[in-house]
file work_10.csv (CSV, C-alpha atoms and all ligand atoms)
chain,number,residue,atom,x,y,z
A,14,MET,CA,109.5,114.3,93.6
A,15,PHE,CA,107.6,115.9,96.6
A,16,GLY,CA,110.4,118.1,98.0
A,17,ASN,CA,112.1,117.8,101.4
A,18,LEU,CA,110.4,116.1,104.2
A,19,LYS,CA,108.9,118.3,107.0
A,20,VAL,CA,107.2,116.8,110.1
A,21,PHE,CA,104.9,118.8,112.3
A,22,SER,CA,103.0,117.9,115.5
A,23,GLY,CA,99.7,119.2,116.8
A,24,SER,CA,99.4,119.6,120.6
A,25,ALA,CA,97.9,116.1,121.1
A,26,HIS,CA,101.0,113.9,121.4
A,27,PRO,CA,104.3,115.8,120.8
A,28,GLU,CA,106.3,112.9,122.6
A,29,LEU,CA,105.2,110.5,119.9
A,30,ALA,CA,106.1,113.0,117.2
A,31,GLU,CA,109.5,113.5,118.7
A,32,SER,CA,110.2,109.8,118.7
A,33,ILE,CA,109.0,109.5,115.1
A,34,CYS,CA,111.4,112.3,114.1
A,35,LYS,CA,114.2,110.5,115.9
A,36,TYR,CA,113.6,107.4,113.8
A,37,LEU,CA,113.5,109.6,110.6
A,38,GLY,CA,116.6,111.5,111.7
A,39,THR,CA,114.8,114.8,111.0
A,40,PRO,CA,114.0,117.6,113.4
A,41,LEU,CA,110.4,118.2,114.4
A,42,CYS,CA,109.2,121.4,112.7
A,43,LYS,CA,107.6,124.2,114.6
A,44,LEU,CA,103.8,124.8,114.7
A,45,GLY,CA,102.6,127.8,116.7
A,46,ARG,CA,99.2,127.8,118.4
A,47,THR,CA,97.4,130.8,119.9
A,48,THR,CA,94.1,130.4,121.6
A,49,PHE,CA,92.3,133.7,121.7
A,50,ALA,CA,90.0,134.9,124.5
A,51,ASN,CA,87.0,133.9,122.5
A,52,GLU,CA,88.4,130.3,122.3
A,53,ASN,CA,89.2,130.6,118.6
A,54,VAL,CA,92.4,128.9,117.6
A,55,MET,CA,95.2,130.2,115.3
A,56,ILE,CA,97.8,127.9,114.0
A,57,GLN,CA,100.9,129.3,112.4
A,58,ILE,CA,103.4,127.2,110.4
A,59,GLN,CA,106.7,128.6,111.6
A,60,GLU,CA,108.9,127.3,108.8
A,61,ASN,CA,108.8,127.6,105.0
A,62,VAL,CA,106.9,124.6,103.6
A,63,ARG,CA,106.5,125.8,100.0
A,64,GLY,CA,106.9,122.7,97.7
A,65,ARG,CA,107.7,120.4,100.6
A,66,ASP,CA,106.4,116.9,101.5
A,67,VAL,CA,104.7,117.6,104.8
A,68,PHE,CA,103.4,115.3,107.6
A,69,VAL,CA,101.3,116.5,110.5
A,70,ILE,CA,100.9,114.2,113.5
A,71,GLN,CA,97.7,114.4,115.6
A,72,PRO,CA,96.0,111.4,117.2
A,73,SER,CA,92.6,111.9,118.6
A,74,CYS,CA,92.7,112.2,122.4
A,75,SER,CA,91.3,114.4,125.1
A,76,PRO,CA,90.3,117.2,124.5
A,77,VAL,CA,88.9,115.4,121.4
A,78,SER,CA,87.0,118.2,119.7
A,79,ASP,CA,89.8,120.7,120.3
A,80,GLY,CA,92.3,118.3,118.8
A,81,ILE,CA,90.2,117.8,115.7
A,82,VAL,CA,89.7,121.5,115.1
A,83,GLU,CA,93.5,122.1,115.6
A,84,LEU,CA,94.3,119.4,113.0
A,85,LEU,CA,91.9,120.9,110.5
A,86,ILE,CA,93.2,124.4,111.0
A,87,ALA,CA,96.8,123.1,110.7
A,88,LEU,CA,96.0,121.3,107.4
A,89,ASP,CA,94.4,124.4,106.0
A,90,ALA,CA,97.3,126.6,107.1
A,91,LEU,CA,99.8,124.1,105.4
A,92,ARG,CA,97.8,124.2,102.2
A,93,SER,CA,97.7,128.0,102.2
A,94,ALA,CA,101.5,127.9,102.8
A,95,SER,CA,101.9,126.0,99.5
A,96,ALA,CA,103.0,122.7,100.8
A,97,ASN,CA,103.4,120.3,97.9
A,98,ARG,CA,101.8,117.3,99.6
A,99,ILE,CA,100.2,117.0,103.0
A,100,THR,CA,99.8,113.8,104.9
A,101,ALA,CA,97.6,113.8,108.0
A,102,VAL,CA,99.2,111.3,110.4
A,103,ILE,CA,96.4,110.2,112.8
A,104,PRO,CA,97.6,107.3,115.0
A,105,TYR,CA,94.1,107.0,116.6
A,106,PHE,CA,91.3,108.1,114.3
A,107,PRO,CA,88.5,110.3,115.8
A,108,TYR,CA,84.9,109.0,116.0
A,109,GLY,CA,86.0,105.5,114.7
A,110,ARG,CA,83.2,103.8,116.5
A,111,SER,CA,80.6,106.0,114.8
A,112,ASP,CA,81.1,104.1,111.5
A,113,LYS,CA,77.6,103.0,110.8
A,114,LYS,CA,74.0,104.2,111.2
A,115,ASP,CA,72.8,101.6,113.8
A,116,GLN,CA,70.2,103.9,115.4
A,117,PRO,CA,67.7,106.1,113.6
A,118,ARG,CA,68.6,109.8,112.8
A,119,ILE,CA,72.3,109.7,113.8
A,120,SER,CA,75.4,110.8,112.0
A,121,ILE,CA,78.0,108.5,110.7
A,122,ALA,CA,80.5,110.8,112.3
A,123,ALA,CA,83.6,108.9,111.2
A,124,ARG,CA,82.7,109.7,107.6
A,125,LEU,CA,82.1,113.3,108.5
A,126,MET,CA,85.7,113.3,110.0
A,127,ALA,CA,87.0,111.9,106.7
A,128,ASP,CA,85.2,114.7,104.8
A,129,LEU,CA,86.5,117.4,107.0
A,130,ILE,CA,90.1,116.1,106.9
A,131,GLN,CA,90.0,116.0,103.1
A,132,THR,CA,88.3,119.4,102.8
A,133,ALA,CA,90.9,121.0,105.1
A,134,GLY,CA,93.7,120.0,102.8
A,135,ALA,CA,95.0,116.5,103.4
A,136,ASP,CA,96.3,114.7,100.3
A,137,ARG,CA,96.9,111.4,102.2
A,138,VAL,CA,96.2,109.9,105.6
A,139,LEU,CA,98.4,107.6,107.6
A,140,THR,CA,96.6,105.9,110.5
A,141,MET,CA,96.7,102.7,112.6
A,142,ASP,CA,94.3,100.0,113.6
A,143,LEU,CA,91.0,101.6,112.6
A,144,HIS,CA,88.0,100.5,114.6
A,145,ALA,CA,86.7,99.1,111.2
A,146,PRO,CA,89.0,98.9,108.2
A,147,GLN,CA,86.1,100.0,106.0
A,148,ILE,CA,86.6,103.6,107.4
A,149,GLN,CA,89.4,103.8,104.7
A,150,GLY,CA,86.5,103.9,102.2
A,151,PHE,CA,85.2,107.1,103.6
A,152,PHE,CA,88.1,108.9,102.0
A,153,ARG,CA,88.7,109.7,98.4
A,154,ILE,CA,92.4,110.2,99.0
A,155,PRO,CA,94.9,107.4,99.7
A,156,VAL,CA,94.9,106.0,103.2
A,157,ASP,CA,97.8,104.0,104.5
A,158,HIS,CA,96.5,101.7,107.3
A,159,LEU,CA,99.3,100.6,109.7
A,160,THR,CA,98.9,97.9,112.3
A,161,ALA,CA,100.5,97.4,115.8
A,162,ARG,CA,99.8,93.7,115.5
A,163,GLY,CA,103.4,92.8,114.8
A,164,ALA,CA,104.7,94.8,117.8
A,165,LEU,CA,102.0,93.3,120.1
A,166,CYS,CA,102.7,89.7,118.9
A,167,ALA,CA,106.5,90.2,119.2
A,168,TYR,CA,105.8,91.2,122.9
A,169,LEU,CA,103.6,88.2,123.5
A,170,GLU,CA,106.1,85.8,121.9
A,171,ARG,CA,108.5,86.7,124.7
A,172,ARG,CA,105.9,85.2,127.1
A,173,ASP,CA,105.2,81.4,127.6
A,174,LEU,CA,102.4,80.8,125.1
A,175,SER,CA,102.3,77.0,125.5
A,176,ASN,CA,98.9,77.0,127.1
A,177,ALA,CA,97.6,80.2,125.6
A,178,LEU,CA,94.4,80.9,123.7
A,179,LEU,CA,93.4,84.1,121.9
A,180,VAL,CA,90.0,85.6,122.6
A,181,ALA,CA,88.1,88.1,120.6
A,182,SER,CA,86.4,90.5,123.0
A,183,ASP,CA,83.5,90.9,120.6
A,184,VAL,CA,82.5,89.6,117.2
A,185,GLY,CA,83.8,92.7,115.6
A,186,GLU,CA,87.3,91.7,116.6
A,187,VAL,CA,87.1,88.2,115.0
A,188,LYS,CA,89.0,89.0,111.8
A,189,ASP,CA,91.7,90.8,113.7
A,190,VAL,CA,92.1,88.0,116.2
A,191,GLY,CA,92.3,85.6,113.2
A,192,ALA,CA,95.4,87.6,112.1
A,193,PHE,CA,97.0,87.3,115.6
A,194,SER,CA,96.1,83.6,115.6
A,195,ARG,CA,98.0,83.1,112.2
A,196,ILE,CA,101.1,85.0,113.5
A,197,LEU,CA,101.2,83.2,116.9
A,198,GLY,CA,99.9,79.8,115.8
A,199,LEU,CA,97.3,79.9,118.6
A,200,GLN,CA,93.6,78.7,118.7
A,201,MET,CA,90.9,81.3,119.3
A,202,ALA,CA,87.6,81.8,121.1
A,203,ILE,CA,85.0,84.5,120.7
A,204,ILE,CA,82.9,86.4,123.2
A,205,ASP,CA,79.5,87.7,122.1
A,206,LYS,CA,79.1,91.1,123.8
A,207,ARG,CA,76.0,93.2,124.0
A,208,ARG,CA,75.8,96.9,124.6
A,209,MET,CA,72.5,97.7,126.4
A,210,GLY,CA,72.4,101.4,125.5
A,211,ASN,CA,74.6,104.4,124.8
A,212,ASP,CA,76.1,104.5,128.3
A,213,ASP,CA,79.3,102.6,127.4
A,214,LYS,CA,78.2,99.5,129.3
A,215,ALA,CA,79.0,96.2,127.7
A,216,LYS,CA,78.0,92.7,128.9
A,217,PRO,CA,79.5,89.4,127.6
A,218,THR,CA,76.6,87.1,126.9
A,219,HIS,CA,78.0,84.0,125.1
A,220,LEU,CA,81.3,82.3,124.6
A,221,VAL,CA,82.2,80.4,121.5
A,222,GLY,CA,85.1,78.1,122.2
A,223,ASP,CA,86.5,76.4,125.3
A,224,VAL,CA,88.8,78.4,127.7
A,225,GLU,CA,88.8,75.9,130.5
A,226,GLY,CA,92.3,75.8,132.0
A,227,LYS,CA,93.7,78.1,129.4
A,228,ASP,CA,95.8,81.3,129.6
A,229,ALA,CA,93.5,83.6,127.7
A,230,ILE,CA,94.7,86.6,125.8
A,231,LEU,CA,91.9,89.1,125.0
A,232,VAL,CA,92.4,91.1,121.8
A,233,ASP,CA,90.7,94.5,121.2
A,234,ASP,CA,91.4,97.6,119.1
A,235,GLU,CA,90.9,100.1,122.0
A,236,ILE,CA,90.3,100.4,125.7
A,237,ALA,CA,88.0,103.3,126.5
A,238,THR,CA,86.2,102.9,129.8
A,239,GLY,CA,87.7,99.5,130.3
A,240,GLY,CA,84.2,98.0,130.7
A,241,THR,CA,84.6,95.5,127.8
A,242,LEU,CA,87.9,94.2,128.9
A,243,VAL,CA,87.2,93.9,132.6
A,244,GLU,CA,83.8,92.3,132.0
A,245,ALA,CA,85.3,89.9,129.5
A,246,ALA,CA,88.1,89.0,131.9
A,247,THR,CA,85.6,88.2,134.6
A,248,PHE,CA,83.5,86.2,132.2
A,249,LEU,CA,86.5,84.1,131.0
A,250,LEU,CA,87.7,83.4,134.6
A,251,GLN,CA,84.1,82.3,135.4
A,252,HIS,CA,84.3,80.0,132.4
A,253,GLY,CA,87.4,78.3,133.9
A,254,ALA,CA,90.3,80.3,132.2
A,255,ARG,CA,93.5,79.9,134.3
A,256,SER,CA,94.7,83.4,133.6
A,257,VAL,CA,93.6,86.4,131.5
A,258,ARG,CA,95.8,89.1,129.9
A,259,ALA,CA,94.9,91.5,127.1
A,260,VAL,CA,96.4,93.4,124.2
A,261,ALA,CA,94.9,96.5,122.5
A,262,THR,CA,96.3,99.1,120.3
A,263,HIS,CA,94.7,102.3,121.6
A,264,PRO,CA,94.8,103.1,125.3
A,265,ILE,CA,92.1,105.7,125.6
A,266,LEU,CA,91.7,104.8,129.3
A,267,CYS,CA,88.9,107.3,130.1
A,268,GLY,CA,87.0,107.7,133.3
A,269,ALA,CA,87.8,104.9,135.8
A,270,ALA,CA,89.4,102.6,133.3
A,271,VAL,CA,92.7,102.4,135.0
A,272,GLU,CA,91.2,101.7,138.5
A,273,ARG,CA,88.9,99.1,136.9
A,274,ILE,CA,91.9,97.3,135.3
A,275,GLN,CA,93.9,97.6,138.5
A,276,GLN,CA,91.1,95.9,140.5
A,277,SER,CA,90.3,93.3,137.8
A,278,GLY,CA,91.5,89.7,137.4
A,279,LEU,CA,93.5,90.8,134.4
A,280,GLU,CA,97.2,89.9,134.9
A,281,GLU,CA,98.6,92.3,132.3
A,282,VAL,CA,97.3,94.7,129.7
A,283,VAL,CA,99.6,95.5,126.7
A,284,VAL,CA,98.9,98.7,124.7
A,285,THR,CA,100.8,101.1,122.5
A,286,ASN,CA,101.4,104.8,122.6
A,287,THR,CA,99.2,105.9,119.7
A,288,VAL,CA,97.7,108.2,122.3
A,289,PRO,CA,99.5,109.6,125.3
A,290,VAL,CA,99.4,107.6,128.5
A,291,PRO,CA,100.1,110.1,131.3
A,292,PRO,CA,102.1,109.1,134.4
A,293,SER,CA,98.9,109.1,136.4
A,294,LYS,CA,97.6,106.2,134.2
A,295,GLN,CA,100.8,104.2,134.2
A,296,ILE,CA,100.4,101.3,136.6
A,297,SER,CA,102.5,98.1,136.7
A,298,LYS,CA,99.7,96.0,135.0
A,299,ILE,CA,99.7,98.3,131.9
A,300,LYS,CA,102.6,97.8,129.5
A,301,VAL,CA,103.0,100.5,126.8
A,302,LEU,CA,104.8,99.6,123.6
A,303,SER,CA,106.1,102.3,121.2
A,304,VAL,CA,104.7,102.5,117.7
A,305,ALA,CA,107.0,105.4,116.8
A,306,ASP,CA,109.3,103.3,114.6
A,307,ILE,CA,106.3,101.8,112.7
A,308,PHE,CA,105.0,105.4,111.9
A,309,GLY,CA,108.5,106.6,111.2
A,310,GLU,CA,109.0,103.8,108.7
A,311,GLY,CA,105.6,104.4,107.2
A,312,ILE,CA,106.4,108.1,106.7
A,313,ARG,CA,109.8,107.2,105.2
A,314,ARG,CA,108.2,104.9,102.7
A,315,ILE,CA,105.5,107.3,101.7
A,316,HIS,CA,108.1,110.0,101.3
A,317,HIS,CA,110.2,107.8,99.0
A,318,SER,CA,107.2,106.3,97.2
A,319,GLU,CA,108.0,102.8,98.5
A,320,SER,CA,105.4,100.2,99.4
A,321,VAL,CA,103.9,100.6,102.9
A,322,GLY,CA,102.0,97.3,102.6
A,323,ALA,CA,105.4,95.5,102.3
A,324,MET,CA,106.1,96.5,106.0
A,325,PHE,CA,103.5,93.9,107.0
A,326,ASP,CA,104.2,91.1,104.4
A,327,ASN,CA,105.5,88.8,107.1
A,401,LIG,C1,84.1,98.1,120.6
A,401,LIG,O1,83.5,97.6,119.7
A,401,LIG,C2,85.6,98.2,120.6
A,401,LIG,O2,86.2,97.2,120.0
A,401,LIG,C3,86.1,98.2,122.1
A,401,LIG,O3,85.7,96.9,122.7
A,401,LIG,C4,85.4,99.3,122.9
A,401,LIG,O4,85.7,100.5,122.2
A,401,LIG,C5,86.0,99.3,124.3
A,401,LIG,O5,85.3,100.3,125.0
A,401,LIG,P1,85.2,100.2,126.6
A,401,LIG,O6,86.6,100.1,127.1
A,401,LIG,O7,84.5,101.5,127.0
A,401,LIG,O8,84.3,99.0,126.9

call {"tool": "encode", "arguments": {"input": "work_10.csv", "output": "structure tokens"}}
result
Amino acid sequence: MFGNLKVFSGSAHPELAESICKYLGTPLCKLGRTTFANENVMIQIQENVRGRDVFVIQPSCSPVSDGIVELLIALDALRSASANRITAVIPYFPYGRSDKKDQPRISIAARLMADLIQTAGADRVLTMDLHAPQIQGFFRIPVDHLTARGALCAYLERRDLSNALLVASDVGEVKDVGAFSRILGLQMAIIDKRRMGNDDKAKPTHLVGDVEGKDAILVDDEIATGGTLVEAATFLLQHGARSVRAVATHPILCGAAVERIQQSGLEEVVVTNTVPVPPSKQISKIKVLSVADIFGEGIRRIHHSESVGAMFDN
């Protein structure tokens, strides 16, 4: 119905795109990028896409603004090249934390990103573990929202969970942790975290639940500076937890995050490869799981007009 499948990658995470293509059994198509002396970017689609079902993979990662502009120009180029249907595959969505107007005179930048992606030419979006699921509502085109929860739980299930307790690292994570709790059959506790300003510093203030003597598993959607996770781990250990490990989908790991994790009381941090984790950030405490097959299956189902939701029925 939508013509042959064509998968392209921006420059953000070609390794993930290659692995997705391996799952799909299709070669990664070529996208040429030229950056001119004036820093303007030109993207050229180096294959015929007329009438094709096209997917372009570009998570948000450093350099963030450059990656967003590259994605927008690629979408526009694909539309101009007469692709039949274009799906923006955005494993980590840009500006996801700017999803509300919680200070005066600021932009809800996640909605702006949605507007830009649609205007540039996307017919659909495929993403994973949005900071807030409501971000889907910023789009007027279909959004398929994948989750890494199954992969993270499957990993945890290979550990001894007999004394484990899940912990939401802030109240925004409660629903998500509830889903982990249903899959793993574990009780949960909640940390009430406060941000004091816009400087990325977070402080746990209250604990709902009892972690005394427990092996705590912190759950979060992303790790940026690592402040939330490391402060939460210290807080839980102070409240008597026997051990603390963490799971999070998106390892942004900016600034001194890796050093913080290394020096913290966290035993293990399990993340996925929605964004690249360069060798300099790969330490033994951080375990990276691949979500390539989940995206590959999502793309396969979209291409064949099969249910994406059914991937997560169990
Ligand atoms: C915040 O609401 C998110 O769920 C994460 O806790 C946050 O983005 C982590 O940021 P950082 O690692 O900088 O504390």

call {"tool": "closest_residue", "arguments": {"input": "work_10.csv", "among": "A:Val102, A:Ala50, A:Leu302, A:Ile312", "to": "His26 of chain A", "atoms": "only C-alpha atoms"}}
result
A:Val102

call {"tool": "atom_distance", "arguments": {"input": "work_10.csv", "atom1": "atom CA of Ala123 of chain A", "atom2": "atom CA of Arg137 of chain A"}}
result
16.3 Å

call {"tool": "atom_distance", "arguments": {"input": "work_10.csv", "atom1": "atom CA of Gln59 of chain A", "atom2": "atom CA of Leu85 of chain A"}}
result
16.7 Å

call {"tool": "closest_atom_pairs", "arguments": {"input": "work_10.csv", "of": "chain A", "to": "ligand LIG 401 (chain A)", "cutoff": "6 Å", "atoms": "all atoms listed in the file", "output": "CSV"}}
result
residue,atom,partner,partner_atom,distance
A:Asp213,CA,A:LIG401,O7,5.3
A:Asp233,CA,A:LIG401,O2,5.4
A:Asp234,CA,A:LIG401,O2,5.3
A:Glu235,CA,A:LIG401,C3,5.2
A:Ile236,CA,A:LIG401,O6,4.0
A:Ala237,CA,A:LIG401,O6,3.5
A:Thr238,CA,A:LIG401,O7,3.6
A:Gly239,CA,A:LIG401,O6,3.4
A:Gly240,CA,A:LIG401,O8,3.9
A:Thr241,CA,A:LIG401,O8,3.6

call {"tool": "residues_around", "arguments": {"input": "work_10.csv", "residues": "Ser256 of chain A", "least_positions_apart": "2", "cutoff": "12 Å", "atoms": "only C-alpha atoms", "output": "list of chain:residue names"}}
result
A:Leu174, A:Asn176, A:Ala177, A:Leu178, A:Leu179, A:Val224, A:Glu225, A:Gly226, A:Lys227, A:Asp228, A:Ala229, A:Ile230, A:Leu231, A:Ala246, A:Thr247, A:Phe248, A:Leu249, A:Leu250, A:Gln251, A:His252, A:Gly253, A:Ala254, A:Arg258, A:Ala259, A:Ser277, A:Gly278, A:Leu279, A:Glu280, A:Glu281

call {"tool": "atom_distance", "arguments": {"input": "work_10.csv", "atom1": "atom CA of Glu28 of chain A", "atom2": "atom CA of Arg110 of chain A"}}
result
25.6 Å

call {"tool": "residues_around", "arguments": {"input": "work_10.csv", "residues": "segment 288-293 of chain A", "least_positions_apart": "6", "cutoff": "7 Å", "atoms": "only C-alpha atoms", "output": "VMD selection string"}}
result
chain A and resid 26 72 74 105 263 to 265

call {"tool": "residues_near_point", "arguments": {"input": "work_10.csv", "point": "(107.2, 107.9, 101.9)", "cutoff": "12 Å", "atoms": "only C-alpha atoms", "output": "PDB file with C-alpha atoms, keeping the file's coordinate frame"}}
result
ATOM      1  CA  MET A  14     109.500 114.300  93.600  1.00  0.00           C
ATOM      2  CA  PHE A  15     107.600 115.900  96.600  1.00  0.00           C
ATOM      3  CA  GLY A  16     110.400 118.100  98.000  1.00  0.00           C
ATOM      4  CA  ASN A  17     112.100 117.800 101.400  1.00  0.00           C
ATOM      5  CA  LEU A  18     110.400 116.100 104.200  1.00  0.00           C
ATOM      6  CA  LYS A  19     108.900 118.300 107.000  1.00  0.00           C
ATOM      7  CA  LEU A  37     113.500 109.600 110.600  1.00  0.00           C
ATOM      8  CA  ASP A  66     106.400 116.900 101.500  1.00  0.00           C
ATOM      9  CA  VAL A  67     104.700 117.600 104.800  1.00  0.00           C
ATOM     10  CA  PHE A  68     103.400 115.300 107.600  1.00  0.00           C
ATOM     11  CA  ARG A  98     101.800 117.300  99.600  1.00  0.00           C
ATOM     12  CA  ILE A  99     100.200 117.000 103.000  1.00  0.00           C
ATOM     13  CA  THR A 100      99.800 113.800 104.900  1.00  0.00           C
ATOM     14  CA  ARG A 137      96.900 111.400 102.200  1.00  0.00           C
ATOM     15  CA  VAL A 138      96.200 109.900 105.600  1.00  0.00           C
ATOM     16  CA  LEU A 139      98.400 107.600 107.600  1.00  0.00           C
ATOM     17  CA  ASP A 157      97.800 104.000 104.500  1.00  0.00           C
ATOM     18  CA  PHE A 308     105.000 105.400 111.900  1.00  0.00           C
ATOM     19  CA  GLY A 309     108.500 106.600 111.200  1.00  0.00           C
ATOM     20  CA  GLU A 310     109.000 103.800 108.700  1.00  0.00           C
ATOM     21  CA  GLY A 311     105.600 104.400 107.200  1.00  0.00           C
ATOM     22  CA  ILE A 312     106.400 108.100 106.700  1.00  0.00           C
ATOM     23  CA  ARG A 313     109.800 107.200 105.200  1.00  0.00           C
ATOM     24  CA  ARG A 314     108.200 104.900 102.700  1.00  0.00           C
ATOM     25  CA  ILE A 315     105.500 107.300 101.700  1.00  0.00           C
ATOM     26  CA  HIS A 316     108.100 110.000 101.300  1.00  0.00           C
ATOM     27  CA  HIS A 317     110.200 107.800  99.000  1.00  0.00           C
ATOM     28  CA  SER A 318     107.200 106.300  97.200  1.00  0.00           C
ATOM     29  CA  GLU A 319     108.000 102.800  98.500  1.00  0.00           C
ATOM     30  CA  SER A 320     105.400 100.200  99.400  1.00  0.00           C
ATOM     31  CA  VAL A 321     103.900 100.600 102.900  1.00  0.00           C
ATOM     32  CA  GLY A 322     102.000  97.300 102.600  1.00  0.00           C
TER      33      GLY A 322
END

call {"tool": "residues_around", "arguments": {"input": "work_10.csv", "residues": "Ile103 of chain A", "least_positions_apart": "2", "cutoff": "9 Å", "atoms": "all atoms listed in the file", "output": "ChimeraX atom specification"}}
result
/A:69-73,101,105-107,138-141,287

call {"tool": "closest_residue", "arguments": {"input": "work_10.csv", "among": "A:Ala192, A:Ala96, A:Ala215, A:Ile130", "to": "Leu84 of chain A", "atoms": "only C-alpha atoms"}}
result
A:Ile130

call {"tool": "closest_residue", "arguments": {"input": "work_10.csv", "among": "A:Val284, A:Ile203, A:Ala90, A:Val232", "to": "Val304 of chain A", "atoms": "only C-alpha atoms"}}
result
A:Val284

call {"tool": "closest_residue", "arguments": {"input": "work_10.csv", "among": "A:Thr218, A:Asn286, A:Gln200, A:Asn53", "to": "Ser175 of chain A", "atoms": "all atoms listed in the file"}}
result
A:Gln200

call {"tool": "closest_residue", "arguments": {"input": "work_10.csv", "among": "A:Phe21, A:Ile121, A:Asp142, A:Ile148", "to": "Ile33 of chain A", "atoms": "all atoms listed in the file"}}
result
A:Phe21

call {"tool": "closest_residue", "arguments": {"input": "work_10.csv", "among": "A:Gln276, A:Ser24, A:Thr160, A:Gln57", "to": "Ile307 of chain A", "atoms": "only C-alpha atoms"}}
result
A:Thr160

call {"tool": "residues_around", "arguments": {"input": "work_10.csv", "residues": "Val283 of chain A", "least_positions_apart": "5", "cutoff": "8 Å", "atoms": "only C-alpha atoms", "output": "VMD selection string"}}
result
chain A and resid 165 259 to 261 299 to 302
